[in-house]
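target19.tsv follows (TSV, C-alpha atoms):
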chain	number	residue	atom	x	y	z
D	1399	MET	CA	21.63	-3.87	-2.29
D	1400	LEU	CA	19.19	-1.54	-3.99
D	1401	THR	CA	15.52	-2.30	-3.65
D	1402	THR	CA	12.25	-0.86	-4.91
D	1403	ARG	CA	11.06	-0.97	-1.29
D	1404	TYR	CA	12.05	2.67	-1.14
D	1405	VAL	CA	13.00	4.21	2.20
D	1406	ASN	CA	14.21	7.68	3.08
D	1407	GLY	CA	17.79	8.28	1.97
D	1408	ALA	CA	17.79	5.46	-0.58
D	1409	PRO	CA	18.24	5.98	-4.33
D	1410	ASN	CA	14.86	6.03	-6.08
D	1411	TRP	CA	15.50	7.65	-9.48
D	1412	ILE	CA	18.16	8.52	-12.06
D	1413	ASP	CA	17.85	10.72	-15.09
D	1414	LEU	CA	19.91	11.84	-18.03
D	1415	GLY	CA	20.33	15.42	-19.17
D	1416	THR	CA	21.71	15.45	-22.70
D	1417	THR	CA	22.17	17.72	-25.70
D	1418	ASP	CA	20.59	15.11	-28.01
D	1419	ILE	CA	17.77	13.02	-26.57
D	1420	GLU	CA	17.15	11.23	-29.87
D	1421	GLY	CA	20.80	10.28	-30.18
D	1422	ALA	CA	20.93	9.22	-26.54
D	1423	THR	CA	17.81	7.11	-27.00
D	1424	SER	CA	19.45	5.38	-29.95
D	1425	PHE	CA	22.62	4.74	-27.93
D	1426	TYR	CA	20.98	3.40	-24.77
D	1427	GLY	CA	18.39	1.53	-26.81
D	1428	GLY	CA	21.13	-0.26	-28.69
D	1429	LEU	CA	23.10	-0.90	-25.49
D	1430	PHE	CA	20.38	-1.91	-23.03
D	1431	GLY	CA	17.20	-2.26	-25.07
D	1432	TRP	CA	15.66	0.91	-23.61
D	1433	GLN	CA	12.81	2.76	-25.29
D	1434	PHE	CA	11.98	6.42	-24.64
D	1435	GLN	CA	8.42	7.32	-23.69
D	1436	SER	CA	7.51	11.03	-23.56
D	1437	ALA	CA	5.81	12.24	-20.39
D	1438	GLY	CA	3.63	14.51	-22.53
D	1439	PRO	CA	3.79	18.08	-23.83
D	1440	GLU	CA	3.29	19.54	-20.36
D	1441	ALA	CA	6.52	17.87	-19.19
D	1442	GLY	CA	8.75	20.11	-21.32
D	1443	GLY	CA	10.38	17.26	-23.23
D	1444	TYR	CA	10.98	15.04	-20.20
D	1445	GLY	CA	10.32	11.35	-20.63
D	1446	PHE	CA	11.01	7.86	-19.37
D	1447	PHE	CA	13.49	5.24	-20.49
D	1448	GLN	CA	11.68	1.93	-20.32
D	1449	LEU	CA	12.77	-1.70	-20.51
D	1450	ASP	CA	10.01	-4.18	-21.32
D	1451	GLY	CA	7.43	-1.60	-20.27
D	1452	ARG	CA	9.06	-0.81	-16.92
D	1453	THR	CA	10.71	2.54	-16.20
D	1454	VAL	CA	14.45	2.35	-15.50
D	1455	ALA	CA	15.34	6.06	-15.75
D	1456	GLY	CA	14.22	9.48	-16.92
D	1457	GLY	CA	15.74	11.80	-19.48
D	1458	MET	CA	15.41	15.03	-21.39
D	1459	GLN	CA	17.24	17.28	-23.78
D	1460	ASN	CA	18.94	20.31	-22.23
D	1461	PRO	CA	20.61	23.29	-23.91
D	1462	ALA	CA	24.39	23.07	-23.99
D	1463	GLU	CA	24.67	26.19	-21.81
D	1464	GLU	CA	23.07	24.27	-18.92
D	1465	GLY	CA	26.20	22.17	-18.63
D	1466	PRO	CA	27.66	19.01	-20.13
D	1467	PRO	CA	25.50	15.89	-20.52
D	1468	SER	CA	25.37	13.89	-17.31
D	1469	TRP	CA	23.42	11.44	-15.20
D	1470	THR	CA	21.79	12.74	-12.01
D	1471	VAL	CA	20.99	10.41	-9.12
D	1472	TYR	CA	18.02	11.06	-6.81
D	1473	PHE	CA	17.46	10.00	-3.23
D	1474	GLN	CA	14.19	9.66	-1.37
D	1475	SER	CA	13.12	12.39	1.02
D	1476	ALA	CA	9.99	12.60	3.12
D	1477	ASP	CA	10.17	16.40	2.86
D	1478	ALA	CA	12.08	17.91	-0.06
D	1479	ALA	CA	11.98	21.43	1.40
D	1480	ALA	CA	13.40	20.27	4.75
D	1481	THR	CA	16.13	18.26	2.99
D	1482	ALA	CA	17.09	21.29	0.89
D	1483	LYS	CA	17.37	23.38	4.04
D	1484	ALA	CA	19.49	20.68	5.70
D	1485	ALA	CA	21.82	20.66	2.69
D	1486	GLU	CA	22.38	24.41	3.02
D	1487	GLN	CA	23.03	24.06	6.76
D	1488	ALA	CA	25.62	21.37	5.97
D	1489	HIS	CA	27.47	23.79	3.63
D	1490	GLY	CA	25.87	22.46	0.45
D	1491	SER	CA	23.64	24.45	-1.88
D	1492	VAL	CA	20.27	24.36	-3.62
D	1493	LEU	CA	20.60	24.39	-7.41
D	1494	VAL	CA	16.90	23.90	-8.20
D	1495	GLU	CA	14.41	24.84	-5.50
D	1496	PRO	CA	11.93	22.19	-4.32
D	1497	MET	CA	8.93	22.05	-6.63
D	1498	ASP	CA	5.84	20.00	-7.32
D	1499	VAL	CA	6.11	17.87	-10.47
D	1500	MET	CA	2.62	17.57	-11.94
D	1501	GLY	CA	1.31	15.91	-8.80
D	1502	GLN	CA	3.74	13.03	-9.15
D	1503	GLY	CA	5.93	14.19	-6.28
D	1504	HIS	CA	8.31	16.96	-5.25
D	1505	MET	CA	11.87	17.30	-6.51
D	1506	ALA	CA	14.90	19.44	-5.86
D	1507	ILE	CA	18.44	19.50	-7.20
D	1508	LEU	CA	21.06	20.07	-4.53
D	1509	ALA	CA	24.85	20.12	-4.37
D	1510	ASP	CA	26.95	18.66	-1.58
D	1511	SER	CA	29.65	20.55	0.29
D	1512	LYS	CA	32.11	19.90	-2.57
D	1513	GLY	CA	29.69	21.05	-5.25
D	1514	VAL	CA	28.56	17.64	-6.53
D	1515	PRO	CA	24.97	17.80	-7.83
D	1516	PHE	CA	22.37	15.25	-6.77
D	1517	GLY	CA	18.60	15.09	-6.74
D	1518	ILE	CA	15.90	14.66	-4.12
D	1519	TRP	CA	12.58	13.00	-4.87
D	1520	GLN	CA	9.70	13.21	-2.40
D	1521	PRO	CA	7.31	10.57	-3.74
D	1522	GLY	CA	3.72	11.35	-4.60
D	1523	GLN	CA	1.97	9.22	-7.18
D	1524	LEU	CA	5.38	8.26	-8.60
D	1525	LYS	CA	7.41	6.26	-6.09
D	1526	GLY	CA	10.55	5.74	-8.17
D	1527	VAL	CA	11.91	3.61	-10.98
D	1528	ASP	CA	10.14	0.29	-11.53
D	1529	VAL	CA	13.13	-2.01	-11.63
D	1530	LEU	CA	16.59	-2.24	-10.08
D	1531	ASN	CA	19.46	-4.75	-10.15
D	1532	GLU	CA	18.27	-6.55	-13.28
D	1533	PRO	CA	20.23	-6.33	-16.56
D	1534	GLY	CA	19.75	-2.87	-18.05
D	1535	SER	CA	18.88	-1.19	-14.75
D	1536	LEU	CA	20.58	0.65	-11.90
D	1537	CYS	CA	22.37	-1.60	-9.41
D	1538	TRP	CA	24.98	0.55	-7.59
D	1539	LEU	CA	26.21	4.12	-7.14
D	1540	GLU	CA	29.60	5.65	-6.41
D	1541	LEU	CA	30.49	9.15	-5.31
D	1542	TYR	CA	33.96	10.27	-6.36
D	1543	THR	CA	34.97	13.02	-3.96
D	1544	PRO	CA	38.13	14.92	-3.01
D	1545	ASP	CA	37.30	14.58	0.71
D	1546	LEU	CA	35.78	11.29	1.79
D	1547	PRO	CA	35.25	12.16	5.49
D	1548	ALA	CA	33.58	15.45	4.55
D	1549	ALA	CA	31.29	13.65	2.09
D	1550	ALA	CA	30.34	11.06	4.68
D	1551	GLY	CA	29.54	13.80	7.19
D	1552	PHE	CA	27.49	15.81	4.70
D	1553	TYR	CA	25.28	12.94	3.56
D	1554	ASN	CA	24.84	11.70	7.12
D	1555	ALA	CA	23.60	15.15	8.15
D	1556	VAL	CA	21.34	15.61	5.12
D	1557	LEU	CA	20.10	12.09	4.31
D	1558	GLY	CA	20.99	10.12	7.42
D	1559	TRP	CA	23.38	7.74	5.69
D	1560	GLU	CA	25.47	5.30	7.65
D	1561	THR	CA	28.88	4.15	6.45
D	1562	SER	CA	30.82	0.93	6.81
D	1563	SER	CA	34.25	-0.14	5.65
D	1564	VAL	CA	34.94	-3.20	3.50
D	1565	SER	CA	38.56	-4.36	3.40
D	1566	PHE	CA	40.27	-5.62	0.27
D	1567	PRO	CA	43.93	-6.38	-0.55
D	1568	GLY	CA	45.74	-3.07	-0.41
D	1569	GLY	CA	42.99	-0.91	1.02
D	1570	SER	CA	39.37	-0.47	2.02
D	1571	TYR	CA	36.10	0.68	0.46
D	1572	THR	CA	33.51	2.86	2.17
D	1573	CYS	CA	29.94	1.64	1.67
D	1574	VAL	CA	26.77	3.60	2.46
D	1575	ASN	CA	23.26	2.58	3.48
D	1576	PRO	CA	20.10	4.39	4.61
D	1577	ALA	CA	19.73	5.11	8.31
D	1578	ARG	CA	18.78	2.14	10.49
D	1579	GLU	CA	18.48	-0.17	7.47
D	1580	GLY	CA	21.71	-2.05	8.12
D	1581	GLU	CA	24.48	-3.19	5.81
D	1582	ASP	CA	22.11	-5.43	3.83
D	1583	ALA	CA	20.67	-2.18	2.44
D	1584	MET	CA	24.02	-0.88	1.11
D	1585	PHE	CA	23.47	0.83	-2.23
D	1586	GLY	CA	26.73	2.56	-3.02
D	1587	GLY	CA	30.22	3.62	-2.09
D	1588	LEU	CA	32.29	6.73	-1.44
D	1589	VAL	CA	35.65	6.86	-3.21
D	1590	ALA	CA	38.43	9.39	-2.69
D	1591	LEU	CA	39.43	10.73	-6.11
D	1592	ALA	CA	43.09	10.54	-5.16
D	1593	ASP	CA	42.77	6.81	-4.49
D	1594	ASP	CA	41.47	5.85	-7.95
D	1595	PRO	CA	43.96	6.22	-10.82
D	1596	THR	CA	41.15	5.83	-13.38
D	1597	GLU	CA	39.73	9.14	-12.12
D	1598	ALA	CA	42.93	11.18	-12.41
D	1599	GLY	CA	42.00	14.76	-13.25
D	1600	SER	CA	38.28	14.11	-12.86
D	1601	ASP	CA	35.89	16.48	-11.17
D	1602	PRO	CA	33.89	15.06	-8.23
D	1603	TYR	CA	30.66	13.40	-9.37
D	1604	TRP	CA	28.10	10.64	-8.85
D	1605	LEU	CA	28.55	7.56	-11.06
D	1606	PRO	CA	25.61	5.19	-11.67
D	1607	TYR	CA	26.29	1.49	-12.31
D	1608	LEU	CA	24.00	-0.54	-14.56
D	1609	GLU	CA	23.79	-4.31	-14.39
D	1610	VAL	CA	24.67	-6.26	-17.55
D	1611	THR	CA	24.92	-9.92	-18.48
D	1612	ASP	CA	28.31	-9.57	-20.23
D	1613	THR	CA	30.59	-6.65	-19.44
D	1614	ASP	CA	32.98	-7.21	-22.34
D	1615	ALA	CA	30.18	-7.47	-24.89
D	1616	THR	CA	28.59	-4.30	-23.47
D	1617	VAL	CA	31.88	-2.40	-23.75
D	1618	ALA	CA	32.29	-3.50	-27.37
D	1619	LYS	CA	28.71	-2.54	-28.17
D	1620	ALA	CA	29.10	0.87	-26.52
D	1621	GLN	CA	32.12	1.61	-28.71
D	1622	GLU	CA	30.26	0.43	-31.80
D	1623	LEU	CA	27.43	2.84	-30.92
D	1624	GLY	CA	29.80	5.81	-30.52
D	1625	GLY	CA	30.50	5.65	-26.79
D	1626	SER	CA	33.92	5.77	-25.14
D	1627	VAL	CA	35.74	3.61	-22.60
D	1628	ARG	CA	37.07	5.34	-19.49
D	1629	MET	CA	38.12	2.11	-17.78
D	1630	PRO	CA	38.23	-1.22	-19.65
D	1631	ALA	CA	36.47	-4.31	-18.37
D	1632	THR	CA	38.13	-5.27	-15.09
D	1633	ASP	CA	37.50	-8.04	-12.59
D	1634	VAL	CA	36.97	-7.02	-8.97
D	1635	PRO	CA	37.16	-10.10	-6.72
D	1636	ASP	CA	33.83	-10.98	-5.07
D	1637	VAL	CA	32.21	-7.96	-6.73
D	1638	GLY	CA	32.05	-8.57	-10.46
D	1639	ARG	CA	33.44	-7.41	-13.79
D	1640	ILE	CA	33.12	-3.66	-14.23
D	1641	ALA	CA	33.84	-1.00	-16.84
D	1642	LYS	CA	33.47	2.78	-16.92
D	1643	LEU	CA	32.00	4.32	-20.08
D	1644	THR	CA	30.68	7.53	-21.54
D	1645	ASP	CA	27.85	7.85	-24.01
D	1646	PRO	CA	28.49	9.66	-27.35
D	1647	TYR	CA	27.63	13.01	-25.72
D	1648	GLY	CA	29.90	12.67	-22.69
D	1649	ALA	CA	27.59	11.42	-19.93
D	1650	ARG	CA	29.51	9.07	-17.62
D	1651	PHE	CA	28.19	5.74	-16.36
D	1652	ALA	CA	29.51	2.31	-15.45
D	1653	VAL	CA	28.42	-1.26	-16.10
D	1654	ILE	CA	28.90	-4.40	-14.05
D	1655	ARG	CA	28.29	-8.10	-14.36
D	1656	SER	CA	27.80	-8.76	-10.67
D	1657	ALA	CA	29.61	-11.70	-9.13
D	1658	ALA	CA	26.34	-12.88	-7.60
D	1659	PRO	CA	22.98	-12.38	-9.33
D	1660	GLN	CA	20.92	-9.61	-7.77
D	1661	GLN	CA	17.15	-9.41	-7.63
D	1662	SER	CA	15.08	-6.38	-6.68

Taking this structure as input, can you express it in the form of structure tokens?
Amino acid sequence: MLTTRYVNGAPNWIDLGTTDIEGATSFYGGLFGWQFQSAGPEAGGYGFFQLDGRTVAGGMQNPAEEGPPSWTVYFQSADAAATAKAAEQAHGSVLVEPMDVMGQGHMAILADSKGVPFGIWQPGQLKGVDVLNEPGSLCWLELYTPDLPAAAGFYNAVLGWETSSVSFPGGSYTCVNPAREGEDAMFGGLVALADDPTEAGSDPYWLPYLEVTDTDATVAKAQELGGSVRMPATDVPDVGRIAKLTDPYGARFAVIRSAAPQQS
């Protein structure tokens, strides 16, 4: 499970790039109770989504020419420059070069060997989001990829991830965890695009899951607020009740009422 005891290779941040930060704030505020707090004029419009005063994500408005609205997931690195170099050596690419972020840490935006963007955060004063696993916060991640073995190899080389297989009726699911942290530290899964009919025609991408107390009510509320349903509320045995959504501007995310309560 995710934890705010951040270790190298573990998720430690997510942020939203959108064409309408005010509209997105209204949507996610209505859905999860988030409030948007600007990081100040020197941050170029970047700010923090907060829940009861605790940061759950970041966000900013981007011009449409920078690409469609989307969520970016970040993973902890002890050395952002070294991780960027490792990504290039593993046939990935560097989309945004490593840089200092106002003394808070160092970031980079990379792409894996199939072109899927993801972020790296080397903590400084800012370690990561304040809360995980609680309603309204990140609780799981999935990578949808056209080549599962290649993805596993890339992220092992770049971030040291270990994989394990979980069997279920009719197939198996590939889970990932940080190096040497064991399966108790699993934070996400790798899914072959061809194996998931709900992703037919989709490009490869990272999908963040947010914990909720009632999946069906969240789906209804998302539609009321102008969002769309990509996969209706569905029970997954021993996992929980999940749904895949998009916000009104097209950013994809998922929600889950976990089968067992999770605590960060």

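Distances to D:Ala1408 were evaluated for D:Glu1579, D:Asp1477, D:Asp1633, D:Asp1645 using all atoms listed in the file, and the minimum falls at D:Glu1579.
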
Item to complete: Starting from the point (1.7, 3.9, -10.0), work out which residues of protein, DNA or RNA have an atom no more than 12 Å away when counting all atoms listed in the file; state them as a PyMOL selection string.
Response: chain D and resi 1452-1453+1502-1503+1521-1528

What would the file look like if the residues just selected were written as a PDB file, in the coordinates of the input with C-alpha atoms?
ATOM      1  CA  ARG D1452       9.060  -0.810 -16.920  1.00  0.00           C
ATOM      2  CA  THR D1453      10.710   2.540 -16.200  1.00  0.00           C
ATOM      3  CA  GLN D1502       3.740  13.030  -9.150  1.00  0.00           C
ATOM      4  CA  GLY D1503       5.930  14.190  -6.280  1.00  0.00           C
ATOM      5  CA  PRO D1521       7.310  10.570  -3.740  1.00  0.00           C
ATOM      6  CA  GLY D1522       3.720  11.350  -4.600  1.00  0.00           C
ATOM      7  CA  GLN D1523       1.970   9.220  -7.180  1.00  0.00           C
ATOM      8  CA  LEU D1524       5.380   8.260  -8.600  1.00  0.00           C
ATOM      9  CA  LYS D1525       7.410   6.260  -6.090  1.00  0.00           C
ATOM     10  CA  GLY D1526      10.550   5.740  -8.170  1.00  0.00           C
ATOM     11  CA  VAL D1527      11.910   3.610 -10.980  1.00  0.00           C
ATOM     12  CA  ASP D1528      10.140   0.290 -11.530  1.00  0.00           C
TER      13      ASP D1528
END

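Comparing D:Ile1518, D:Val1471, D:Val1499, D:Val1529 by their smallest distance to D:Gln1448, the closest is D:Val1529 (using all atoms listed in the file).
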
Practice prompt. Compile the contact shell of stretch 1635-1641 of chain D as a PyMOL selection string: residues with an atom at most 10 Å away, counting all atoms listed in the file, same-chain residues fewer than 2 positions apart removed.
Written response: chain D and resi 1566-1567+1607-1610+1612-1614+1616-1617+1627-1633+1643+1651-1659

Those residues you just picked out, can you put them in a file as a CSV table (one decimal), in the frame of the given file with C-alpha atoms?
chain,number,residue,atom,x,y,z
D,1566,PHE,CA,40.3,-5.6,0.3
D,1567,PRO,CA,43.9,-6.4,-0.6
D,1607,TYR,CA,26.3,1.5,-12.3
D,1608,LEU,CA,24.0,-0.5,-14.6
D,1609,GLU,CA,23.8,-4.3,-14.4
D,1610,VAL,CA,24.7,-6.3,-17.6
D,1612,ASP,CA,28.3,-9.6,-20.2
D,1613,THR,CA,30.6,-6.6,-19.4
D,1614,ASP,CA,33.0,-7.2,-22.3
D,1616,THR,CA,28.6,-4.3,-23.5
D,1617,VAL,CA,31.9,-2.4,-23.8
D,1627,VAL,CA,35.7,3.6,-22.6
D,1628,ARG,CA,37.1,5.3,-19.5
D,1629,MET,CA,38.1,2.1,-17.8
D,1630,PRO,CA,38.2,-1.2,-19.6
D,1631,ALA,CA,36.5,-4.3,-18.4
D,1632,THR,CA,38.1,-5.3,-15.1
D,1633,ASP,CA,37.5,-8.0,-12.6
D,1643,LEU,CA,32.0,4.3,-20.1
D,1651,PHE,CA,28.2,5.7,-16.4
D,1652,ALA,CA,29.5,2.3,-15.4
D,1653,VAL,CA,28.4,-1.3,-16.1
D,1654,ILE,CA,28.9,-4.4,-14.0
D,1655,ARG,CA,28.3,-8.1,-14.4
D,1656,SER,CA,27.8,-8.8,-10.7
D,1657,ALA,CA,29.6,-11.7,-9.1
D,1658,ALA,CA,26.3,-12.9,-7.6
D,1659,PRO,CA,23.0,-12.4,-9.3

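Atom to atom, atom CA of D:Leu1508 and atom CA of D:Tyr1603 stand 12.7 Å apart.
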
Since the input lacks atoms, please generate N, CA and C atoms for stretch 1563-1580 of chain D and provide them as a PDB file, in the coordinates of the input.
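Writing done, so here's selection-v2.pdb:
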ATOM      1  N   SER D1563      33.022   0.072   6.407  1.00  0.00           N
ATOM      2  CA  SER D1563      34.250  -0.140   5.650  1.00  0.00           C
ATOM      3  C   SER D1563      34.400  -1.601   5.270  1.00  0.00           C
ATOM      4  N   VAL D1564      34.701  -1.851   4.000  1.00  0.00           N
ATOM      5  CA  VAL D1564      34.940  -3.200   3.500  1.00  0.00           C
ATOM      6  C   VAL D1564      36.415  -3.286   3.103  1.00  0.00           C
ATOM      7  N   SER D1565      37.136  -4.218   3.697  1.00  0.00           N
ATOM      8  CA  SER D1565      38.560  -4.360   3.400  1.00  0.00           C
ATOM      9  C   SER D1565      38.789  -5.190   2.146  1.00  0.00           C
ATOM     10  N   PHE D1566      39.831  -4.835   1.414  1.00  0.00           N
ATOM     11  CA  PHE D1566      40.270  -5.620   0.270  1.00  0.00           C
ATOM     12  C   PHE D1566      41.786  -5.534   0.214  1.00  0.00           C
ATOM     13  N   PRO D1567      42.456  -6.417  -0.508  1.00  0.00           N
ATOM     14  CA  PRO D1567      43.930  -6.380  -0.550  1.00  0.00           C
ATOM     15  C   PRO D1567      44.439  -5.000  -0.972  1.00  0.00           C
ATOM     16  N   GLY D1568      45.161  -4.359  -0.089  1.00  0.00           N
ATOM     17  CA  GLY D1568      45.740  -3.070  -0.410  1.00  0.00           C
ATOM     18  C   GLY D1568      44.934  -1.872   0.006  1.00  0.00           C
ATOM     19  N   GLY D1569      43.772  -2.075   0.627  1.00  0.00           N
ATOM     20  CA  GLY D1569      42.990  -0.910   1.020  1.00  0.00           C
ATOM     21  C   GLY D1569      41.629  -1.261   1.567  1.00  0.00           C
ATOM     22  N   SER D1570      40.734  -0.273   1.546  1.00  0.00           N
ATOM     23  CA  SER D1570      39.370  -0.470   2.020  1.00  0.00           C
ATOM     24  C   SER D1570      38.420   0.349   1.168  1.00  0.00           C
ATOM     25  N   TYR D1571      37.150   0.028   1.256  1.00  0.00           N
ATOM     26  CA  TYR D1571      36.100   0.680   0.460  1.00  0.00           C
ATOM     27  C   TYR D1571      35.004   1.104   1.413  1.00  0.00           C
ATOM     28  N   THR D1572      34.540   2.327   1.283  1.00  0.00           N
ATOM     29  CA  THR D1572      33.510   2.860   2.170  1.00  0.00           C
ATOM     30  C   THR D1572      32.136   2.701   1.532  1.00  0.00           C
ATOM     31  N   CYS D1573      31.296   1.874   2.151  1.00  0.00           N
ATOM     32  CA  CYS D1573      29.940   1.640   1.670  1.00  0.00           C
ATOM     33  C   CYS D1573      28.945   2.513   2.434  1.00  0.00           C
ATOM     34  N   VAL D1574      27.807   2.791   1.814  1.00  0.00           N
ATOM     35  CA  VAL D1574      26.770   3.600   2.460  1.00  0.00           C
ATOM     36  C   VAL D1574      25.436   2.870   2.405  1.00  0.00           C
ATOM     37  N   ASN D1575      24.616   3.125   3.431  1.00  0.00           N
ATOM     38  CA  ASN D1575      23.260   2.580   3.480  1.00  0.00           C
ATOM     39  C   ASN D1575      22.345   3.566   4.173  1.00  0.00           C
ATOM     40  N   PRO D1576      21.032   3.488   3.928  1.00  0.00           N
ATOM     41  CA  PRO D1576      20.100   4.390   4.610  1.00  0.00           C
ATOM     42  C   PRO D1576      20.119   4.162   6.117  1.00  0.00           C
ATOM     43  N   ALA D1577      19.728   5.179   6.852  1.00  0.00           N
ATOM     44  CA  ALA D1577      19.730   5.110   8.310  1.00  0.00           C
ATOM     45  C   ALA D1577      18.888   3.948   8.812  1.00  0.00           C
ATOM     46  N   ARG D1578      19.472   3.218   9.760  1.00  0.00           N
ATOM     47  CA  ARG D1578      18.780   2.140  10.490  1.00  0.00           C
ATOM     48  C   ARG D1578      18.348   0.986   9.592  1.00  0.00           C
ATOM     49  N   GLU D1579      18.847   0.922   8.372  1.00  0.00           N
ATOM     50  CA  GLU D1579      18.480  -0.170   7.470  1.00  0.00           C
ATOM     51  C   GLU D1579      19.517  -1.289   7.461  1.00  0.00           C
ATOM     52  N   GLY D1580      20.698  -1.022   8.028  1.00  0.00           N
ATOM     53  CA  GLY D1580      21.710  -2.050   8.120  1.00  0.00           C
ATOM     54  C   GLY D1580      22.502  -2.232   6.837  1.00  0.00           C
TER      55      GLY D1580
END
